[in-house]
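Student: Encoded as structure tokens, here's the structure I'll be asking about.
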Amino acid sequence: MPTELEELVGFITDPKPEIRALATEHLVSYSTSQPSIFKTEGLKPVKDLKLLVKDHPKIAEHVISILINLAADREILECLATDEKFLDEILRQIIIATEPNANLLSMLLANLAKWDSLKRILNKKQQSPGELGSNDLVMNQLVDLFVKGADGTYNKNADFDHLAYLFADLTKHAEIRYYFVQKQDYDGVVPLTKLKVFTEYKSDVRRKGVASTIKNVAFDIPSHTLFLSEDDINILPYILLPIMGNEEYDEEETMSMLPDLQLLPPDKQRDTDPFIIQTHVETLLLLSSTREGRNQMRDVNVYPIVRETHLRVRNEGVQDACERLVQVLMRDEADPEKVDRIEEVGQGEDDDNQIIEV
């Protein structure tokens, strides 16, 4: 005999929209505390919810919130992430400039990326709205949405910050990393250069996701030349500035640094999140995997910045990453000892990549 909660779940498909609205609203909290009530009859409630993302906006808001939370269950996550029609519907809705639930759809996509097969999104295409200024490749649309949608400038209802978490998870796959360093034909821009400008953004979610995305793409060693080139991705200023504060350096140290890092204002603050700082230092460590990378970091005097970061950020993860980077930068290149830096930098354990709940 069904419990009262299971009976409530049954009302999500009621013909009357007011009944569906009440049922889905009340069920949001139970999607985290009692997800099992949605797993009856071979996940029938989940399959019903997938259809209701197209319901009236307020009902869809509750439905998407429920699905965001239920994605923490691996069985339900598989049911969601492997459903092609469902994924296509989310991708169709999220790019509509008037979509009221675009932020929730961003969170849902970020959670669906915990399922490895979501990397197939790279091959998906759909027509782009003219106002988005993208092409028909879904990945380009999502990147452009993330950039143009910050601060509600594309959709007044959304900032799309959580797409940063989607990118962070997707870039654990080699083919997605490759995409992010390839110049796109429709606008002549490398996607990663669109993201790098947000490393000092006001949103913690956006900064954290972008930092993790940059780090994950840096696992692609052949792209390091592009990362370091001023004419290409030019990543160094964008990962060094966030780890710098208002500390003063002597004139000789300062003059050797990148121009963007010289004469910083006295109120300059380093990122307040130790995880983000650690992520940027680990990206530097990845870029030190090649002699070219090590030499360039020495040429632009990265060492004093890492030294001050180690001194001023009282966090074990940050200090450990700084110590490892200093060992690499200060060692003699004639040293025959071979060290694989990639193995020393973790991937896929970032706390920003946990399931999002609402």
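Labels used: A, B, ... for chains in the order of the structure tokens, numbers from 1 for residues in each chain, and numbers from 1 for ligands as shown.
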Mind checking which residues fall within 10 Å of Val306 of chain A, counting only C-alpha atoms, ignoring those fewer than 2 positions away in the same chain, and posting them as a list in words?
Tutor: Leu240, Ile243, Met244, Val281, Leu284, Asn301, Val302, Tyr303, Pro304, Glu308, Thr309, His310, Leu311, Arg312, Val318, Gln319, Ala321, Cys322, Glu323, Leu325 and Val326 of chain A
Student: DSSP on the backbone, then: every residue of segment 162-293 of chain A marked alpha helix (DSSP H), written as a VMD selection string.
Tutor: chain A and resid 163 to 170 174 to 180 191 to 195 204 to 217 224 to 228 236 to 240 251 to 255 274 to 287 291 to 293
Student: Find, counting only C-alpha atoms, the residue in A:Ser134, A:Gln184, A:Asn101, A:Ser128 that gets nearest to Asn155 of chain A.
Tutor: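 Among A:Ser134, A:Gln184, A:Asn101, A:Ser128, it is A:Asn101 that comes nearest to Asn155 of chain A.
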Student: Write out, as a Markdown table, each residue of segment 115-156 of chain A that has an atom at most 12 Å from segment 207-213 of chain A, together with the closest pair of atoms and their distance in Å to one decimal, counting only C-alpha atoms, rows going by chain and rising number.
Tutor:
| residue | atom | partner | partner_atom | distance |
| --- | --- | --- | --- | --- |
| A:Val143 | CA | A:Val210 | CA | 11.4 |
| A:Phe146 | CA | A:Val210 | CA | 10.7 |
| A:Val147 | CA | A:Val210 | CA | 11.4 |
Student: Save out the residues we just selected, C-alpha atoms, as a PDB file, in the first residue's frame.
Tutor:
ATOM      1  CA  VAL A 143      30.258  29.008 -23.531  1.00  0.00           C
ATOM      2  CA  PHE A 146      28.163  31.756 -19.815  1.00  0.00           C
ATOM      3  CA  VAL A 147      30.073  34.809 -21.070  1.00  0.00           C
TER       4      VAL A 147
END
Student: May I have the residues within 10 Å of Ser36 of chain A as a PyMOL selection string, using only C-alpha atoms and disregarding those fewer than 5 positions away in the same chain?
Tutor: chain A and resi 6+30-31+43+70+73
Student: Just to be explicit: take each residue in the selection above, keep N, CA, C and O atoms, and write the result as a PDB file, in the first residue's frame.
Tutor:
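Contents of result-v2.pdb, freshly written:
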ATOM      1  N   GLU A   6       4.222   8.734  -1.086  1.00  0.00           N
ATOM      2  CA  GLU A   6       4.151   8.120  -2.417  1.00  0.00           C
ATOM      3  C   GLU A   6       2.865   8.529  -3.125  1.00  0.00           C
ATOM      4  O   GLU A   6       2.847   8.708  -4.343  1.00  0.00           O
ATOM      5  N   TYR A  30      11.615  16.798   0.007  1.00  0.00           N
ATOM      6  CA  TYR A  30      11.733  15.337   0.126  1.00  0.00           C
ATOM      7  C   TYR A  30      12.694  14.756  -0.915  1.00  0.00           C
ATOM      8  O   TYR A  30      13.143  13.616  -0.780  1.00  0.00           O
ATOM      9  N   SER A  31      13.028  15.541  -1.932  1.00  0.00           N
ATOM     10  CA  SER A  31      13.960  15.031  -2.947  1.00  0.00           C
ATOM     11  C   SER A  31      15.374  14.906  -2.398  1.00  0.00           C
ATOM     12  O   SER A  31      16.201  14.195  -2.972  1.00  0.00           O
ATOM     13  N   LEU A  43      11.264   3.673 -11.388  1.00  0.00           N
ATOM     14  CA  LEU A  43      11.571   5.109 -11.563  1.00  0.00           C
ATOM     15  C   LEU A  43      10.482   5.862 -12.332  1.00  0.00           C
ATOM     16  O   LEU A  43      10.756   6.893 -12.948  1.00  0.00           O
ATOM     17  N   LEU A  70      17.762  14.995  -6.958  1.00  0.00           N
ATOM     18  CA  LEU A  70      17.726  13.547  -7.176  1.00  0.00           C
ATOM     19  C   LEU A  70      18.939  13.039  -7.941  1.00  0.00           C
ATOM     20  O   LEU A  70      19.272  11.846  -7.880  1.00  0.00           O
ATOM     21  N   ASP A  73      21.598  10.572  -6.617  1.00  0.00           N
ATOM     22  CA  ASP A  73      21.398   9.115  -6.658  1.00  0.00           C
ATOM     23  C   ASP A  73      21.889   8.596  -8.004  1.00  0.00           C
ATOM     24  O   ASP A  73      21.422   9.038  -9.052  1.00  0.00           O
TER      25      ASP A  73
END
Student: Just to confirm, what's the straight-line distance from atom CA of Gln182 of chain A to atom CA of Gln278 of chain A in Å (one decimal)?
Tutor: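 Between atom CA of Gln182 of chain A and atom CA of Gln278 of chain A the gap is 26.3 Å.
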Student: So which residues touch Lys183 of chain A within 10 Å, counting only C-alpha atoms, skipping near sequence neighbours fewer than 4 positions away, as a list of chain:residue names?
Tutor: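 Those residues are A:Tyr179, A:Asp187, A:Gly188, A:Val189, A:Val190, A:Pro191, A:Leu192, A:Thr193, A:Asp232.
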Student: How many Å separate atom CA of Pro222 of chain A from atom CA of Met257 of chain A?
Tutor: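 So the two atoms, atom CA of Pro222 of chain A and atom CA of Met257 of chain A, lie 25.0 Å apart.
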Student: Which residue, A:Ser117, A:Thr171, A:Thr32, A:Ser106, has the smallest gap to Glu357 of chain A when you use only C-alpha atoms?
Tutor: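 Checking each candidate against Glu357 of chain A, we get A:Thr32 as the closest.
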Student: Quick one: of A:Val358, A:Leu329, A:Tyr238, A:Phe160, who's nearest to Leu67 of chain A, counting only C-alpha atoms?
Tutor: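 Checking each of A:Val358, A:Leu329, A:Tyr238, A:Phe160 against Leu67 of chain A, counting only C-alpha atoms, the winner is A:Val358.
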Student: Work out how far atom CA of Pro17 of chain A is from atom CA of Glu75 of chain A, in Å to one decimal.
Tutor: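 Atom-to-atom, atom CA of Glu75 of chain A and atom CA of Pro17 of chain A are spaced 28.5 Å apart.
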Student: Using only C-alpha atoms, can you tell me which of A:Glu282, A:Asp151, A:Glu84, A:Glu61 comes closest to Val28 of chain A?
Tutor: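 Between A:Glu282, A:Asp151, A:Glu84, A:Glu61, the residue approaching Val28 of chain A most closely is A:Glu61.
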Student: What's the 9 Å shell around Ser29 of chain A, counting only C-alpha atoms, without same-chain residues fewer than 4 positions away, as an mmCIF file with C-alpha atoms, in the first residue's frame?
Tutor:
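The resulting around-v9.cif:
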data_model
loop_
_atom_site.group_PDB
_atom_site.id
_atom_site.type_symbol
_atom_site.label_atom_id
_atom_site.label_comp_id
_atom_site.auth_asym_id
_atom_site.auth_seq_id
_atom_site.Cartn_x
_atom_site.Cartn_y
_atom_site.Cartn_z
ATOM 1 C CA GLU A 25 6.341 22.380 -4.427
ATOM 2 C CA SER A 33 15.613 13.769 2.558
ATOM 3 C CA GLN A 34 13.689 10.818 1.062
ATOM 4 C CA ILE A 66 13.647 18.102 -7.552
ATOM 5 C CA VAL A 358 18.663 23.400 -3.966
#
Student: Pick out the residues sitting within 12 Å of Asn69 of chain A, and hand them over as a ChimeraX atom specification; count only C-alpha atoms, and ignore anything fewer than 5 positions along from it in its own chain.
Tutor: /A:27-35,38,46,62-64,74,76-77,80,104,107-112,354-358
